[in-house]
Protein chains: 4
Amino acid sequence: MPLEVGVLGYRFMGKAHANALARLPMFFPDAPAVERSVLVGRDEDALSDAADRLGFDATATDWADVVDDVDVFYNLGPNHVHAEPSIAALEAGTPVFCEKPLAPTLEGAEAMAAAARDAGDDVPAGCAFNYRFVPAIQYAKELLEAGELGEIRHVRGRYLQDWLVDPDAPWSWRNDEELAGSGALGDLGAHTVDLLRFLVGSDDLAGEVERVSGHLRTFVDERPVEGSDGETRPVTVDDAYSAQLAFEHGAMGTLEASRVAAGHKNDHTIEIHGSEGSLRFSLERLNELEVHRDGDRGYETILVTDEDDPYVDHWWPPGHVLGWEHTFVHENYEFLSAVASGASETHRPFEPSFEDGLAAQRVLEAIERSDDRGAWVGLE
Amino acid sequence: MPLEVGVLGYRFMGKAHANALARLPMFFPDAPAVERSVLVGRDEDALSDAADRLGFDATATDWADVVDDVDVFYNLGPNHVHAEPSIAALEAGTPVFCEKPLAPTLEGAEAMAAAARDAGDDVPAGCAFNYRFVPAIQYAKELLEAGELGEIRHVRGRYLQDWLVDPDAPWSWRNDEELAGSGALGDLGAHTVDLLRFLVGSDDLAGEVERVSGHLRTFVDERPVEGSDGETRPVTVDDAYSAQLAFEHGAMGTLEASRVAAGHKNDHTIEIHGSEGSLRFSLERLNELEVHRDGDRGYETILVTDEDDPYVDHWWPPGHVLGWEHTFVHENYEFLSAVASGASETHRPFEPSFEDGLAAQRVLEAIERSDDRGAWVGLE
Amino acid sequence: MPLEVGVLGYRFMGKAHANALARLPMFFPDAPAVERSVLVGRDEDALSDAADRLGFDATATDWADVVDDVDVFYNLGPNHVHAEPSIAALEAGTPVFCEKPLAPTLEGAEAMAAAARDAGDDVPAGCAFNYRFVPAIQYAKELLEAGELGEIRHVRGRYLQDWLVDPDAPWSWRNDEELAGSGALGDLGAHTVDLLRFLVGSDDLAGEVERVSGHLRTFVDERPVEGSDGETRPVTVDDAYSAQLAFEHGAMGTLEASRVAAGHKNDHTIEIHGSEGSLRFSLERLNELEVHRDGDRGYETILVTDEDDPYVDHWWPPGHVLGWEHTFVHENYEFLSAVASGASETHRPFEPSFEDGLAAQRVLEAIERSDDRGAWVGLE
Amino acid sequence: MPLEVGVLGYRFMGKAHANALARLPMFFPDAPAVERSVLVGRDEDALSDAADRLGFDATATDWADVVDDVDVFYNLGPNHVHAEPSIAALEAGTPVFCEKPLAPTLEGAEAMAAAARDAGDDVPAGCAFNYRFVPAIQYAKELLEAGELGEIRHVRGRYLQDWLVDPDAPWSWRNDEELAGSGALGDLGAHTVDLLRFLVGSDDLAGEVERVSGHLRTFVDERPVEGSDGETRPVTVDDAYSAQLAFEHGAMGTLEASRVAAGHKNDHTIEIHGSEGSLRFSLERLNELEVHRDGDRGYETILVTDEDDPYVDHWWPPGHVLGWEHTFVHENYEFLSAVASGASETHRPFEPSFEDGLAAQRVLEAIERSDDRGAWVGLE
């Protein structure tokens, strides 16, 4: 019996996950069978078109009708609709896969994590931080866990985009605090924080973030309403943020994201220095990892596409590069495998979980709080 | 009525094309509907497994039963089985999509091109040079056609792999002249020659290749038989080749490919210099194009992932990079659209055609002939 | 009459400036004539050797005998001997060229700047921030001043070295707060702060730094004494620092430096994003500047070695790259030209002046103060 | 007693060598003392100016008066004046340092090498291929000699410039066969051939070049005379060449140079693949070497500026990059040390010698001969 999946959201993320579900059988034959059962949205026409294109059997306009009716619930809607449906699903015992950031507020994220805790271990609640599933990132993780970089000293995360560099770029829900929570911080910073927690957050590496100093800026404070005749709306979120971090075991870090960095489309860069080595990664060249190991004289540029690299044997021969979307196939494979393993003795937990989503949110909230106070703050 | 597709070959290329066919509906909704009808091979067990995994309705062990029964025939087998089934299909009026190089010998390629000519314009015969369908390459083509590089003076093509650098890497059909025709020259050089013809081969740019000087080398002349106890077989093809080219309108070129270039997995690099500018491309960073235009001081590194870049609007927002396999989706979209346009007044020809496959083969044959004679030779 | 130059310090910086002085006549024929008159130091043997090698006419062990006897005084000693001799020279009306950072403490720097003010405009007091004199940096400055990047939004400065990554690297005066003032912050951060002030500090760009948040860390808190048998001394300065900046006109910035960044030798990187464009520079590739201008799709990598690039016509044809030491020739040329222009009507002021040195020091002091308080602080 | 040096030529190369001689005492204290005695040229005014600027004691307009009067003779004039004065100097027992290529014709080079042979081992005759003296190249040589790359299979050399890309760039002696011998081939190709001979030419690596296939092209066949009113002169040399090489021990190579490669100023690139590893070098980033060793997954980018890198301890600390001109200091140091070692038992031979200059010339001549014949040719 294939798992029946209900999906809320049919735009960018809806397409990315539908594609991932569609590709699993050919490339991950041991993934659980899945049926794209029902697509949930409000605009019936757009929804019906999307369902056809994305291969769903049915549509629904009320998520409440769906969450306890399906085997798995995907919450891919805007940030402000993450909490309620996800919690309802978990209360119904339905595993939930929710897009990041977990919620626009820390309270929302805490409620979601509590619901996941209540639902129990055999009801996976995953937060879809897809960049954990880039093969080069998984390979970096292996190197770090094996101690190849030694004691972690510096981490650096930077996510640069340019789609708001033009002051006339139109207003969207992503510019609104009510709907989005925050701007570059929540949208881009959430990815960076999760990736750094994944890579160096374990107790034998840097541990968790303990204290932060944050800085948020809105460079363009109103934007035109698309299609209107000169109407504008206020931008109530940050265009860019920066932060300094102090980690549990002494490492220091700097973070940054911007939607107004001319010349950068989707440049998510991670750099880590340890007492024995260093590494660098950029999402715009996601098949590559640069590694400096003890005894090396410089960085080695590694194309992480070999047969024994994480996930790569499922795809193509060495040197045949993967794209952004493959990260969704990998995360769906892992999440659905966790769902299918259910309450069995061989239950596979899925990470990043709602706890991970909450942990990232705590860092983001602390960055905002620090920016308000003009001082370093600890995590709540 | 969906087009029924019969596919010969179920390994690397079979998977690449099956995946492309499976992805068309979601991303290219105006592509003709397609049914993966029958998969052709010799080993029934492997074939049956592959058919399940790749989503085919049926299998067949004799291509002769298939070629006039389907709407389209894909020939994805080894080089030495390209000619006969393709010609039979064309004689039956069935459009054919054949992997490159067109045939192991010039005679084979000529027979195939003749069959395509006889079948007529409304029976497309395509040669699957997928690298024409990289968005960055299509964008380069637009720049070249718009005259941005001026008069073409230098072209440089290089395809470096390392899978035979180890003398103990096992023998395969790709090392055998009977089965493969040639080695690096036919396998890798065919791609380079086609890409350069595509980019600068038009009459208002460099025109066709007129004369060549070739050099072929086999560095390791026997290789172990996999699974055997010390048995070896002779390598009867080149491990590497180089060539110099003289084009019709005066440009000069150098070509190279190797299977023993340590440190390179799938490094297909194209460089072009004109009187007004230059460009560079590498397959290992296939989302990028480096362009130097008149008035520039250096090369601009362009991420070719914007909405108005070729094919990109079908996929993801700017900066969300594509992979190697997307080239197959694009070429299948174009080929099947040509098939569907049939004998109509709006018939869309498909390129690269068998004529293009033959033209590339002529260059390869001249390179081998030049190597034999130790002299520059003209194309036959 | 050549200018008689007295130089305090004969190690790294002594050699760098002596070389610069020696090279001026051949490459900058309009530079004032200069005599390397007297070299000042304490260890007579080492001093005498150095004077021979560096081409000085005489030596002295007490700077007090020198400062009013020469036409120009170069203070190239360790940080804690910057203030007293420099002030004495200025009081004697002798122009002073002092290595960076101006002093180990803000008080010291203030006293030095006050002495320079008292000495008057025709007694140049220069602070030797040599990286302003990299041709690519001067070219970047021209672009910025011409408004090519628009309104400045982000600046990023990072100076990574690895010479203390090994916990057994020996103790030196650079690890001592008394002698050095601070560690990575004063040594490396001073360069970064000055370079950013130079590039974007003018009133029609970002303006001055207004507020900072700082973070200092010492990873290895004692180090072996060279040549001793297991003796160690405490490290009382930072191995690394980071900072966030808020500029007068709204730009935000992040700074960082480290002496424990494995894999980086002398990697001073500057990145600037404005509303119209961006640029990047790294000292390890100091002949290059990466520029993204309005309308560009990516960064253009420019080799700043053309005849009309700053200072380049004095050297070699395009593409014949310069090295690190050329920055010293350029700054000496500018400083000595300012000295020679004296009290004339055509007096050429020299920048970076002691005022600039003080301004940089104010930022560094604020970073330390912020780190102490755990809060953003304004500049004093 | 310092060595008295007479120098023929006071333009680009005159300046480069005069600078090198001037810098030796400070950085290479064990170099022999040298006096810039006499500068030789035809235009008395220009010569006198140059002698002042470059630090020569005297001038002369006839080299014949100089060659047996000095301790060392530097021949830095245009190619067609290399042979006669060099031979005269050697016949007088005066060591000669001659710019590359050795002569415009093979006959000239042979006569020069014969004169060097006749003069004997204690009269060094050096050919100034300065790129051998880049620290990164010397480091590459060490790796190759240590067998780190294994058996050599591919070499690739490419020298791209753009100063003739504009058809209106003025005519100069470098465009004339009589004066220059050849164009890009002799000027740029000579460097490439020498560098490859240096790196892989030893008998336990690739050995010498055995056979070549060449291709020369002139894209712009006349150019304006500078300062004239529309007058032009014919270009009688190549704007670009390419070649294929077969080495003694089986390696294959490709060479290329161009003066019309838009976007490249001085891009001399060397790439070598062996059975165990690979390396890459580009003159525009001359402080770097990219190395792929057995067991590595990619290329390591090495900044060759450490204390134990060749020549680097004479200059600055790690990471403080050198420039193009430093290669001249290194080669002058080696050449003059060979001269000073004279007929002693500790005589140090200097390489590249006239024999090396002749060997390079033989390859260039074979490339031209091959181009004429349209066939591979052996070396004479």
# chains A, B, ... in the order shown; residues from 1 in each chain; ligands from 1
>>> select_by_dssp(residues="range 8-207 of chain B", states="strand (DSSP E or B)", output="number ranges by chain")
B: 8, 34-40, 58-60, 72-75, 96-98, 125-127, 152-160
>>> interface_residues(of="chain A", to="chain B", cutoff="7 Å", atoms="only C-alpha atoms", output="ChimeraX atom specification")
/A:25-26,53-54,265-266,284,318-324
>>> write_last_selection(atoms="N, CA, C and O atoms", output="PDB file, in the first residue's frame")
ATOM      1  N   PRO A  25      10.937   6.545  -7.416  1.00  0.00           N
ATOM      2  CA  PRO A  25      10.940   5.123  -7.817  1.00  0.00           C
ATOM      3  C   PRO A  25      12.081   4.755  -8.756  1.00  0.00           C
ATOM      4  O   PRO A  25      12.669   3.674  -8.632  1.00  0.00           O
ATOM      5  N   MET A  26      12.419   5.665  -9.689  1.00  0.00           N
ATOM      6  CA  MET A  26      13.451   5.300 -10.653  1.00  0.00           C
ATOM      7  C   MET A  26      14.849   5.298 -10.044  1.00  0.00           C
ATOM      8  O   MET A  26      15.692   4.500 -10.426  1.00  0.00           O
ATOM      9  N   ARG A  53      -0.728  19.254 -13.238  1.00  0.00           N
ATOM     10  CA  ARG A  53       0.676  19.347 -13.671  1.00  0.00           C
ATOM     11  C   ARG A  53       1.597  18.574 -12.737  1.00  0.00           C
ATOM     12  O   ARG A  53       2.556  17.947 -13.160  1.00  0.00           O
ATOM     13  N   LEU A  54       1.272  18.627 -11.453  1.00  0.00           N
ATOM     14  CA  LEU A  54       2.166  18.008 -10.462  1.00  0.00           C
ATOM     15  C   LEU A  54       1.778  16.567 -10.142  1.00  0.00           C
ATOM     16  O   LEU A  54       2.396  15.926  -9.298  1.00  0.00           O
ATOM     17  N   LYS A 265      23.107  35.491  -6.934  1.00  0.00           N
ATOM     18  CA  LYS A 265      21.756  34.987  -7.143  1.00  0.00           C
ATOM     19  C   LYS A 265      21.304  34.114  -5.980  1.00  0.00           C
ATOM     20  O   LYS A 265      20.201  34.274  -5.455  1.00  0.00           O
ATOM     21  N   ASN A 266      22.136  33.171  -5.626  1.00  0.00           N
ATOM     22  CA  ASN A 266      21.729  32.204  -4.606  1.00  0.00           C
ATOM     23  C   ASN A 266      22.987  31.663  -3.961  1.00  0.00           C
ATOM     24  O   ASN A 266      23.230  30.472  -3.900  1.00  0.00           O
ATOM     25  N   GLU A 284      26.168  27.881  -5.194  1.00  0.00           N
ATOM     26  CA  GLU A 284      26.159  28.104  -6.639  1.00  0.00           C
ATOM     27  C   GLU A 284      27.086  27.119  -7.359  1.00  0.00           C
ATOM     28  O   GLU A 284      27.001  26.977  -8.568  1.00  0.00           O
ATOM     29  N   PRO A 318      30.717   9.351 -12.145  1.00  0.00           N
ATOM     30  CA  PRO A 318      31.516  10.475 -11.647  1.00  0.00           C
ATOM     31  C   PRO A 318      31.602  11.622 -12.650  1.00  0.00           C
ATOM     32  O   PRO A 318      31.765  11.398 -13.848  1.00  0.00           O
ATOM     33  N   GLY A 319      31.488  12.825 -12.151  1.00  0.00           N
ATOM     34  CA  GLY A 319      31.648  13.993 -13.008  1.00  0.00           C
ATOM     35  C   GLY A 319      30.374  14.464 -13.691  1.00  0.00           C
ATOM     36  O   GLY A 319      30.387  15.485 -14.365  1.00  0.00           O
ATOM     37  N   HIS A 320      29.289  13.719 -13.528  1.00  0.00           N
ATOM     38  CA  HIS A 320      28.018  14.120 -14.128  1.00  0.00           C
ATOM     39  C   HIS A 320      27.225  14.827 -13.043  1.00  0.00           C
ATOM     40  O   HIS A 320      26.533  14.199 -12.243  1.00  0.00           O
ATOM     41  N   VAL A 321      27.293  16.145 -13.047  1.00  0.00           N
ATOM     42  CA  VAL A 321      26.907  16.943 -11.885  1.00  0.00           C
ATOM     43  C   VAL A 321      25.400  16.938 -11.608  1.00  0.00           C
ATOM     44  O   VAL A 321      24.588  16.837 -12.514  1.00  0.00           O
ATOM     45  N   LEU A 322      25.086  17.072 -10.345  1.00  0.00           N
ATOM     46  CA  LEU A 322      23.691  17.183  -9.901  1.00  0.00           C
ATOM     47  C   LEU A 322      23.290  18.649  -9.791  1.00  0.00           C
ATOM     48  O   LEU A 322      24.128  19.543  -9.855  1.00  0.00           O
ATOM     49  N   GLY A 323      21.983  18.875  -9.606  1.00  0.00           N
ATOM     50  CA  GLY A 323      21.475  20.239  -9.492  1.00  0.00           C
ATOM     51  C   GLY A 323      20.833  20.480  -8.134  1.00  0.00           C
ATOM     52  O   GLY A 323      20.842  19.617  -7.244  1.00  0.00           O
ATOM     53  N   TRP A 324      20.276  21.660  -8.004  1.00  0.00           N
ATOM     54  CA  TRP A 324      19.648  22.071  -6.758  1.00  0.00           C
ATOM     55  C   TRP A 324      18.535  21.131  -6.347  1.00  0.00           C
ATOM     56  O   TRP A 324      18.372  20.791  -5.176  1.00  0.00           O
TER      57      TRP A 324
END
>>> residues_around(residues="range 137-139 of chain A", least_positions_apart="6", cutoff="9 Å", atoms="only C-alpha atoms", output="list in words")
Tyr131, Leu195, Leu199, Phe281, Leu286, Leu289, Val304, Asp309 and Pro310 of chain A
>>> write_last_selection(atoms="C-alpha atoms", output="PDB file, in the first residue's frame")
ATOM      1  CA  TYR A 131      20.728  21.878   2.032  1.00  0.00           C
ATOM      2  CA  LEU A 195      23.560  24.013   8.065  1.00  0.00           C
ATOM      3  CA  LEU A 199      27.971  20.480  10.402  1.00  0.00           C
ATOM      4  CA  PHE A 281      31.268  25.379   0.160  1.00  0.00           C
ATOM      5  CA  LEU A 286      27.049  22.746  -5.122  1.00  0.00           C
ATOM      6  CA  LEU A 289      33.806  21.129  -1.786  1.00  0.00           C
ATOM      7  CA  VAL A 304      31.807  15.406  -4.933  1.00  0.00           C
ATOM      8  CA  ASP A 309      29.974   9.999  -2.255  1.00  0.00           C
ATOM      9  CA  PRO A 310      26.697  10.362  -0.368  1.00  0.00           C
TER      10      PRO A 310
END
>>> residues_around(residues="range 255-260 of chain A", least_positions_apart="5", cutoff="9 Å", atoms="only C-alpha atoms", output="PyMOL selection string")
(chain A and resi 155-166+183-185+188-189+192-193+219+238-245+265+268) or (chain C and resi 153-154+254+273-275)
>>> select_by_dssp(residues="range 208-352 of chain A", states="alpha helix (DSSP H)", output="list in words")
His326, Thr327, Phe328, Val329, His330, Glu331, Asn332, Tyr333, Glu334, Phe335, Leu336, Ser337, Ala338, Val339, Ala340 and Ser341 of chain A
>>> residues_around(residues="Glu148 in chain C", least_positions_apart="6", cutoff="7 Å", atoms="only C-alpha atoms", output="PDB file with N, CA and C atoms, in the first residue's frame")
ATOM      1  N   GLU C 276      24.146  49.689  -6.995  1.00  0.00           N
ATOM      2  CA  GLU C 276      24.356  49.560  -8.436  1.00  0.00           C
ATOM      3  C   GLU C 276      25.387  48.511  -8.810  1.00  0.00           C
ATOM      4  N   GLY C 277      26.110  47.995  -7.831  1.00  0.00           N
ATOM      5  CA  GLY C 277      27.158  47.054  -8.208  1.00  0.00           C
ATOM      6  C   GLY C 277      27.932  46.576  -7.003  1.00  0.00           C
ATOM      7  N   ARG C 293      29.088  45.511 -12.307  1.00  0.00           N
ATOM      8  CA  ARG C 293      28.484  46.826 -12.530  1.00  0.00           C
ATOM      9  C   ARG C 293      27.033  46.685 -12.929  1.00  0.00           C
TER      10      ARG C 293
END
>>> decode(residues="range 177-188 of chain D", atoms="all heavy atoms", output="compact mmCIF listing (two decimals), in the first residue's frame")
# COMPACT_ATOMS: atom_id res chain seq x y z
N GLU D 177 59.35 39.56 -40.43
CA GLU D 177 60.10 38.30 -40.42
C GLU D 177 61.61 38.53 -40.38
O GLU D 177 62.33 37.83 -39.67
CB GLU D 177 59.72 37.46 -41.64
CG GLU D 177 60.26 36.04 -41.51
CD GLU D 177 59.88 35.15 -42.67
OE1 GLU D 177 59.32 35.67 -43.65
OE2 GLU D 177 60.15 33.94 -42.59
N GLU D 178 62.07 39.51 -41.16
CA GLU D 178 63.51 39.81 -41.18
C GLU D 178 64.05 40.11 -39.78
O GLU D 178 65.09 39.64 -39.37
CB GLU D 178 63.79 41.05 -42.05
CG GLU D 178 63.69 40.81 -43.53
CD GLU D 178 64.76 39.82 -44.00
OE1 GLU D 178 65.96 40.08 -43.77
OE2 GLU D 178 64.38 38.76 -44.55
N LEU D 179 63.30 40.93 -39.06
CA LEU D 179 63.80 41.43 -37.78
C LEU D 179 63.51 40.47 -36.62
O LEU D 179 64.28 40.38 -35.67
CB LEU D 179 63.20 42.81 -37.48
CG LEU D 179 63.46 43.88 -38.56
CD1 LEU D 179 62.79 45.19 -38.18
CD2 LEU D 179 64.97 44.08 -38.74
N ALA D 180 62.38 39.80 -36.69
CA ALA D 180 61.95 39.01 -35.54
C ALA D 180 62.07 37.50 -35.75
O ALA D 180 62.03 36.74 -34.79
CB ALA D 180 60.50 39.35 -35.19
N GLY D 181 62.20 37.09 -37.01
CA GLY D 181 62.25 35.65 -37.27
C GLY D 181 60.85 35.10 -37.41
O GLY D 181 60.43 34.69 -38.47
N SER D 182 60.11 35.10 -36.33
CA SER D 182 58.71 34.73 -36.41
C SER D 182 57.93 35.59 -35.42
O SER D 182 58.50 36.48 -34.79
CB SER D 182 58.51 33.24 -36.11
OG SER D 182 58.87 32.97 -34.77
N GLY D 183 56.63 35.33 -35.29
CA GLY D 183 55.77 36.20 -34.48
C GLY D 183 55.48 35.58 -33.13
O GLY D 183 56.38 35.46 -32.28
N ALA D 184 54.22 35.20 -32.93
CA ALA D 184 53.83 34.57 -31.66
C ALA D 184 54.69 33.33 -31.41
O ALA D 184 55.06 33.03 -30.28
CB ALA D 184 52.35 34.20 -31.70
N LEU D 185 55.04 32.63 -32.49
CA LEU D 185 55.83 31.41 -32.33
C LEU D 185 57.16 31.68 -31.65
O LEU D 185 57.49 31.05 -30.64
CB LEU D 185 56.06 30.76 -33.71
CG LEU D 185 56.93 29.51 -33.72
CD1 LEU D 185 56.27 28.38 -32.93
CD2 LEU D 185 57.22 29.05 -35.15
N GLY D 186 57.94 32.62 -32.17
CA GLY D 186 59.27 32.86 -31.61
C GLY D 186 59.21 33.61 -30.30
O GLY D 186 59.97 33.33 -29.36
N ASP D 187 58.31 34.56 -30.23
CA ASP D 187 58.25 35.44 -29.07
C ASP D 187 57.65 34.70 -27.86
O ASP D 187 58.22 34.71 -26.77
CB ASP D 187 57.39 36.66 -29.44
CG ASP D 187 57.31 37.69 -28.34
OD1 ASP D 187 58.23 37.73 -27.49
OD2 ASP D 187 56.34 38.47 -28.33
N LEU D 188 56.53 34.06 -28.07
CA LEU D 188 55.81 33.42 -26.97
C LEU D 188 56.07 31.92 -26.92
O LEU D 188 56.31 31.35 -25.86
CB LEU D 188 54.31 33.68 -27.11
CG LEU D 188 53.92 35.17 -27.26
CD1 LEU D 188 52.43 35.32 -27.45
CD2 LEU D 188 54.40 35.97 -26.06
